[in-house]
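K.L.:
Structure provided below as structure tokens; questions to follow.
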Amino acid sequence: MFDYRGVSPQATSSRLHELQQRVQRMQGSAISRTLESLPGLSGVIQLRTGETYAVDSPSLAMALVAGASQAGEWIAIVGAPDLGLESAAGFGIDLERTVVVPHPGELWLSVTAGLLDVATIVIAKPPEPVSAQQAERLKSRLLMKDAALVCWGEWPRCDATLTVTESSWLGLRRGHGRLMARRVVVSVRQGGPVRRIPLWLPGPDQQVAERDAVVPLVAAKAG
């Protein structure tokens, strides 16, 4: 038998909670719930299981899932070989709880659906346009498996769309220096009127946050 004397009650509780969630996914008995988000994004959007989200930026995708990852959820990344793991770790994603399938090929949808047995959130970059029928099938599986999808690209009938409409980097001086922070404006379409939200992605402190202060650094426009 396992000796629990060296395991803290907090660690045991966390492990039991994780195992319960895995059993729920395998049985298809989970219900929709709100996932943890980074503190700086709590007023922007909060992901829910059973829902799909579309983004046009890998930075947005990583920022959206980082809070849940830090809270102990498993993350999967499908079809995005150019999404760097070092960058993902910089946003706070726990790489020890991350599954990466960089080249799923034409089986990307089956791979994504299969990973929902273990991952709470899947970041997927489809190699081709997604049909409404494909989106509907995966939506049903998300609801069944208590999971969410963040699509890097377009997704039919998604629950929310986030796009970077303005972007500039801070830290460069006449072509020299080190990039230290990124200022963006993100448009959020989620049922009602489109919201335009200024963000640090990330800020000079390497944290993602709503932008409400001027930082004394030189800005360099980025495409």
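Quick note on naming: the chains in the structure tokens go A, B, ... in the order shown, residues restart at 1 in each chain, and ligands are numbered from 1 in order of appearance.
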Would you give me, as a VMD selection string, the residues in segment 10-192 of chain A that DSSP reads as strand (DSSP E or B)?
P.N.:
chain A and resid 34 48 52 to 55 75 to 78 98 to 101 121 to 124 148 to 152 160 to 173 176 to 189
K.L.:
Just C-alpha atoms for this one: save the residues we selected as a CSV table (one decimal), in the first residue's frame.
P.N.:
chain,number,residue,atom,x,y,z
A,34,THR,CA,-15.9,28.2,-15.4
A,48,ARG,CA,-16.1,27.7,-19.7
A,52,THR,CA,-15.2,27.1,-28.2
A,53,TYR,CA,-13.1,30.2,-28.6
A,54,ALA,CA,-11.3,31.6,-31.7
A,55,VAL,CA,-8.2,33.8,-31.6
A,75,ILE,CA,-3.5,21.5,-21.7
A,76,ALA,CA,-3.0,20.1,-25.2
A,77,ILE,CA,-1.6,21.9,-28.2
A,78,VAL,CA,-2.5,20.4,-31.7
A,98,THR,CA,0.9,20.0,-21.4
A,99,VAL,CA,0.6,17.5,-24.3
A,100,VAL,CA,1.9,18.7,-27.7
A,101,VAL,CA,1.0,17.1,-31.1
A,121,ILE,CA,-8.4,22.8,-22.8
A,122,VAL,CA,-7.0,22.1,-26.3
A,123,ILE,CA,-5.4,24.8,-28.4
A,124,ALA,CA,-5.8,23.7,-32.0
A,148,ALA,CA,-12.9,23.7,-23.9
A,149,LEU,CA,-11.3,24.5,-27.2
A,150,VAL,CA,-9.2,27.5,-28.2
A,151,CYS,CA,-8.8,27.7,-32.0
A,152,TRP,CA,-5.9,29.6,-33.4
A,160,ALA,CA,-16.3,34.1,-28.4
A,161,THR,CA,-13.8,35.6,-30.9
A,162,LEU,CA,-10.8,37.6,-29.8
A,163,THR,CA,-8.6,39.4,-32.3
A,164,VAL,CA,-5.6,41.7,-31.9
A,165,THR,CA,-6.5,45.0,-33.7
A,166,GLU,CA,-3.5,47.1,-32.6
A,167,SER,CA,0.0,46.0,-31.5
A,168,SER,CA,3.3,47.7,-30.5
A,169,TRP,CA,6.4,46.6,-28.7
A,170,LEU,CA,8.3,48.6,-26.1
A,171,GLY,CA,12.0,48.6,-25.5
A,172,LEU,CA,13.6,49.4,-28.9
A,173,ARG,CA,15.5,52.6,-29.4
A,176,HIS,CA,18.6,48.8,-30.9
A,177,GLY,CA,17.7,47.4,-27.5
A,178,ARG,CA,15.6,44.5,-26.1
A,179,LEU,CA,11.9,44.0,-26.5
A,180,MET,CA,10.5,44.3,-23.0
A,181,ALA,CA,6.7,44.5,-23.3
A,182,ARG,CA,3.9,44.5,-25.9
A,183,ARG,CA,0.9,46.8,-25.9
A,184,VAL,CA,-2.2,45.5,-27.8
A,185,VAL,CA,-5.8,46.3,-28.3
A,186,VAL,CA,-8.0,43.2,-28.3
A,187,SER,CA,-11.5,43.1,-29.8
A,188,VAL,CA,-13.8,40.7,-28.0
A,189,ARG,CA,-17.0,39.5,-29.7
K.L.:
What residues in segment 83-158 of chain A get the DSSP label alpha helix (DSSP H)? Please answer as a PyMOL selection string.
P.N.:
chain A and resi 85-90+108-115+132-145
K.L.:
Would you write out those residues with N, CA and C atoms, as a PDB file, in the first residue's frame?
P.N.:
ATOM      1  N   LEU A  85       7.368  26.341 -26.917  1.00  0.00           N
ATOM      2  CA  LEU A  85       7.148  25.938 -25.533  1.00  0.00           C
ATOM      3  C   LEU A  85       7.797  26.915 -24.552  1.00  0.00           C
ATOM      4  N   GLU A  86       8.912  27.512 -24.938  1.00  0.00           N
ATOM      5  CA  GLU A  86       9.547  28.507 -24.060  1.00  0.00           C
ATOM      6  C   GLU A  86       8.621  29.700 -23.871  1.00  0.00           C
ATOM      7  N   SER A  87       7.990  30.118 -24.970  1.00  0.00           N
ATOM      8  CA  SER A  87       7.037  31.214 -24.882  1.00  0.00           C
ATOM      9  C   SER A  87       5.830  30.818 -24.046  1.00  0.00           C
ATOM     10  N   ALA A  88       5.355  29.582 -24.216  1.00  0.00           N
ATOM     11  CA  ALA A  88       4.213  29.094 -23.432  1.00  0.00           C
ATOM     12  C   ALA A  88       4.534  29.134 -21.942  1.00  0.00           C
ATOM     13  N   ALA A  89       5.741  28.691 -21.580  1.00  0.00           N
ATOM     14  CA  ALA A  89       6.149  28.728 -20.179  1.00  0.00           C
ATOM     15  C   ALA A  89       6.224  30.159 -19.676  1.00  0.00           C
ATOM     16  N   GLY A  90       6.637  31.081 -20.550  1.00  0.00           N
ATOM     17  CA  GLY A  90       6.701  32.481 -20.174  1.00  0.00           C
ATOM     18  C   GLY A  90       5.351  33.076 -19.829  1.00  0.00           C
ATOM     19  N   TRP A 108      -6.069  15.802 -37.640  1.00  0.00           N
ATOM     20  CA  TRP A 108      -6.047  16.777 -36.546  1.00  0.00           C
ATOM     21  C   TRP A 108      -7.342  16.784 -35.733  1.00  0.00           C
ATOM     22  N   LEU A 109      -8.494  16.621 -36.401  1.00  0.00           N
ATOM     23  CA  LEU A 109      -9.768  16.668 -35.683  1.00  0.00           C
ATOM     24  C   LEU A 109      -9.935  15.448 -34.776  1.00  0.00           C
ATOM     25  N   SER A 110      -9.551  14.270 -35.268  1.00  0.00           N
ATOM     26  CA  SER A 110      -9.617  13.058 -34.450  1.00  0.00           C
ATOM     27  C   SER A 110      -8.654  13.141 -33.272  1.00  0.00           C
ATOM     28  N   VAL A 111      -7.457  13.681 -33.524  1.00  0.00           N
ATOM     29  CA  VAL A 111      -6.473  13.841 -32.450  1.00  0.00           C
ATOM     30  C   VAL A 111      -7.007  14.789 -31.384  1.00  0.00           C
ATOM     31  N   THR A 112      -7.581  15.903 -31.826  1.00  0.00           N
ATOM     32  CA  THR A 112      -8.143  16.879 -30.894  1.00  0.00           C
ATOM     33  C   THR A 112      -9.248  16.248 -30.054  1.00  0.00           C
ATOM     34  N   ALA A 113     -10.156  15.535 -30.710  1.00  0.00           N
ATOM     35  CA  ALA A 113     -11.258  14.894 -29.991  1.00  0.00           C
ATOM     36  C   ALA A 113     -10.745  13.863 -28.999  1.00  0.00           C
ATOM     37  N   GLY A 114      -9.723  13.110 -29.372  1.00  0.00           N
ATOM     38  CA  GLY A 114      -9.173  12.097 -28.487  1.00  0.00           C
ATOM     39  C   GLY A 114      -8.508  12.683 -27.257  1.00  0.00           C
ATOM     40  N   LEU A 115      -7.841  13.823 -27.414  1.00  0.00           N
ATOM     41  CA  LEU A 115      -7.137  14.443 -26.298  1.00  0.00           C
ATOM     42  C   LEU A 115      -8.088  14.992 -25.248  1.00  0.00           C
ATOM     43  N   ALA A 132     -19.147  23.501 -40.552  1.00  0.00           N
ATOM     44  CA  ALA A 132     -20.098  23.622 -39.446  1.00  0.00           C
ATOM     45  C   ALA A 132     -20.398  22.258 -38.831  1.00  0.00           C
ATOM     46  N   GLN A 133     -20.423  21.227 -39.651  1.00  0.00           N
ATOM     47  CA  GLN A 133     -20.691  19.887 -39.152  1.00  0.00           C
ATOM     48  C   GLN A 133     -19.561  19.393 -38.249  1.00  0.00           C
ATOM     49  N   GLN A 134     -18.308  19.634 -38.651  1.00  0.00           N
ATOM     50  CA  GLN A 134     -17.173  19.253 -37.823  1.00  0.00           C
ATOM     51  C   GLN A 134     -17.204  19.999 -36.486  1.00  0.00           C
ATOM     52  N   ALA A 135     -17.506  21.299 -36.560  1.00  0.00           N
ATOM     53  CA  ALA A 135     -17.553  22.116 -35.348  1.00  0.00           C
ATOM     54  C   ALA A 135     -18.637  21.619 -34.401  1.00  0.00           C
ATOM     55  N   GLU A 136     -19.777  21.231 -34.941  1.00  0.00           N
ATOM     56  CA  GLU A 136     -20.885  20.761 -34.117  1.00  0.00           C
ATOM     57  C   GLU A 136     -20.548  19.438 -33.431  1.00  0.00           C
ATOM     58  N   ARG A 137     -19.867  18.546 -34.146  1.00  0.00           N
ATOM     59  CA  ARG A 137     -19.477  17.265 -33.551  1.00  0.00           C
ATOM     60  C   ARG A 137     -18.504  17.477 -32.386  1.00  0.00           C
ATOM     61  N   LEU A 138     -17.534  18.359 -32.605  1.00  0.00           N
ATOM     62  CA  LEU A 138     -16.562  18.594 -31.545  1.00  0.00           C
ATOM     63  C   LEU A 138     -17.211  19.325 -30.363  1.00  0.00           C
ATOM     64  N   LYS A 139     -18.157  20.208 -30.656  1.00  0.00           N
ATOM     65  CA  LYS A 139     -18.872  20.912 -29.586  1.00  0.00           C
ATOM     66  C   LYS A 139     -19.574  19.907 -28.672  1.00  0.00           C
ATOM     67  N   SER A 140     -20.200  18.900 -29.255  1.00  0.00           N
ATOM     68  CA  SER A 140     -20.880  17.872 -28.463  1.00  0.00           C
ATOM     69  C   SER A 140     -19.889  17.133 -27.571  1.00  0.00           C
ATOM     70  N   ARG A 141     -18.714  16.865 -28.111  1.00  0.00           N
ATOM     71  CA  ARG A 141     -17.700  16.154 -27.323  1.00  0.00           C
ATOM     72  C   ARG A 141     -17.146  17.044 -26.205  1.00  0.00           C
ATOM     73  N   LEU A 142     -17.005  18.340 -26.463  1.00  0.00           N
ATOM     74  CA  LEU A 142     -16.567  19.261 -25.411  1.00  0.00           C
ATOM     75  C   LEU A 142     -17.546  19.250 -24.247  1.00  0.00           C
ATOM     76  N   LEU A 143     -18.833  19.269 -24.554  1.00  0.00           N
ATOM     77  CA  LEU A 143     -19.849  19.236 -23.504  1.00  0.00           C
ATOM     78  C   LEU A 143     -19.796  17.927 -22.730  1.00  0.00           C
ATOM     79  N   MET A 144     -19.573  16.843 -23.446  1.00  0.00           N
ATOM     80  CA  MET A 144     -19.530  15.525 -22.819  1.00  0.00           C
ATOM     81  C   MET A 144     -18.309  15.360 -21.933  1.00  0.00           C
ATOM     82  N   LYS A 145     -17.170  15.915 -22.364  1.00  0.00           N
ATOM     83  CA  LYS A 145     -15.896  15.680 -21.686  1.00  0.00           C
ATOM     84  C   LYS A 145     -15.481  16.806 -20.745  1.00  0.00           C
TER      85      LYS A 145
END
K.L.:
Atom CA of Asp146 of chain A and atom CA of Thr120 of chain A, how far apart in Å?
P.N.:
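About the pair atom CA of Thr120 of chain A and atom CA of Asp146 of chain A: they are 6.9 Å apart.
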K.L.:
What does the distance between atom CA of Trp74 of chain A and atom CA of Leu35 of chain A come to in Å, to one decimal place?
P.N.:
11.7 Å
K.L.:
Give the answer as one residue: which of A:Pro127, A:Gly72, A:Gly43, A:Gly153 has the shortest atom-to-atom distance to Asp56 of chain A, using only C-alpha atoms?
P.N.:
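Closest candidate: A:Gly153.
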K.L.:
Can you pull out every residue within 8 Å of Gln70 of chain A, counting only C-alpha atoms, but drop anything in the same chain fewer than 3 positions away, and send it as an NGL selection string?
P.N.:
:A and (66-67 or 73 or 92-94)
K.L.:
Selection from above, C-alpha atoms, as a CSV table (one decimal), in the first residue's frame, can you write it?
P.N.:
chain,number,residue,atom,x,y,z
A,66,ALA,CA,-2.4,29.9,-18.7
A,67,GLY,CA,-4.7,30.5,-15.7
A,73,GLU,CA,-5.7,21.6,-15.5
A,92,GLY,CA,2.7,30.7,-17.2
A,93,ILE,CA,1.6,27.4,-18.8
A,94,ASP,CA,2.8,24.4,-16.8
K.L.:
So that I can check the surroundings of Gly79 of chain A, please list as a VMD selection string every protein, DNA and RNA residue that reaches within 6 Å of it, counting only C-alpha atoms and ignoring chain neighbours fewer than 3 positions away.
P.N.:
chain A and resid 102 to 104 125
K.L.:
Using the selection just defined, write its residues with C-alpha atoms as a compact mmCIF listing (two decimals), in the first residue's frame.
P.N.:
# COMPACT_ATOMS: atom_id res chain seq x y z
CA PRO A 102 2.76 19.43 -33.55
CA HIS A 103 2.03 17.57 -36.79
CA PRO A 104 -1.31 15.69 -36.67
CA LYS A 125 -4.60 25.26 -35.28
K.L.:
By how many Å are atom CA of Val130 of chain A and atom CA of Arg196 of chain A apart?
P.N.:
26.5 Å
K.L.:
In terms of the shortest atom-to-atom distance over only C-alpha atoms, which of A:Val194, A:Leu38, A:Leu83, A:Leu47 is closest to Ala71 of chain A?
P.N.:
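Checking each of A:Val194, A:Leu38, A:Leu83, A:Leu47 against Ala71 of chain A, counting only C-alpha atoms, the winner is A:Leu38.
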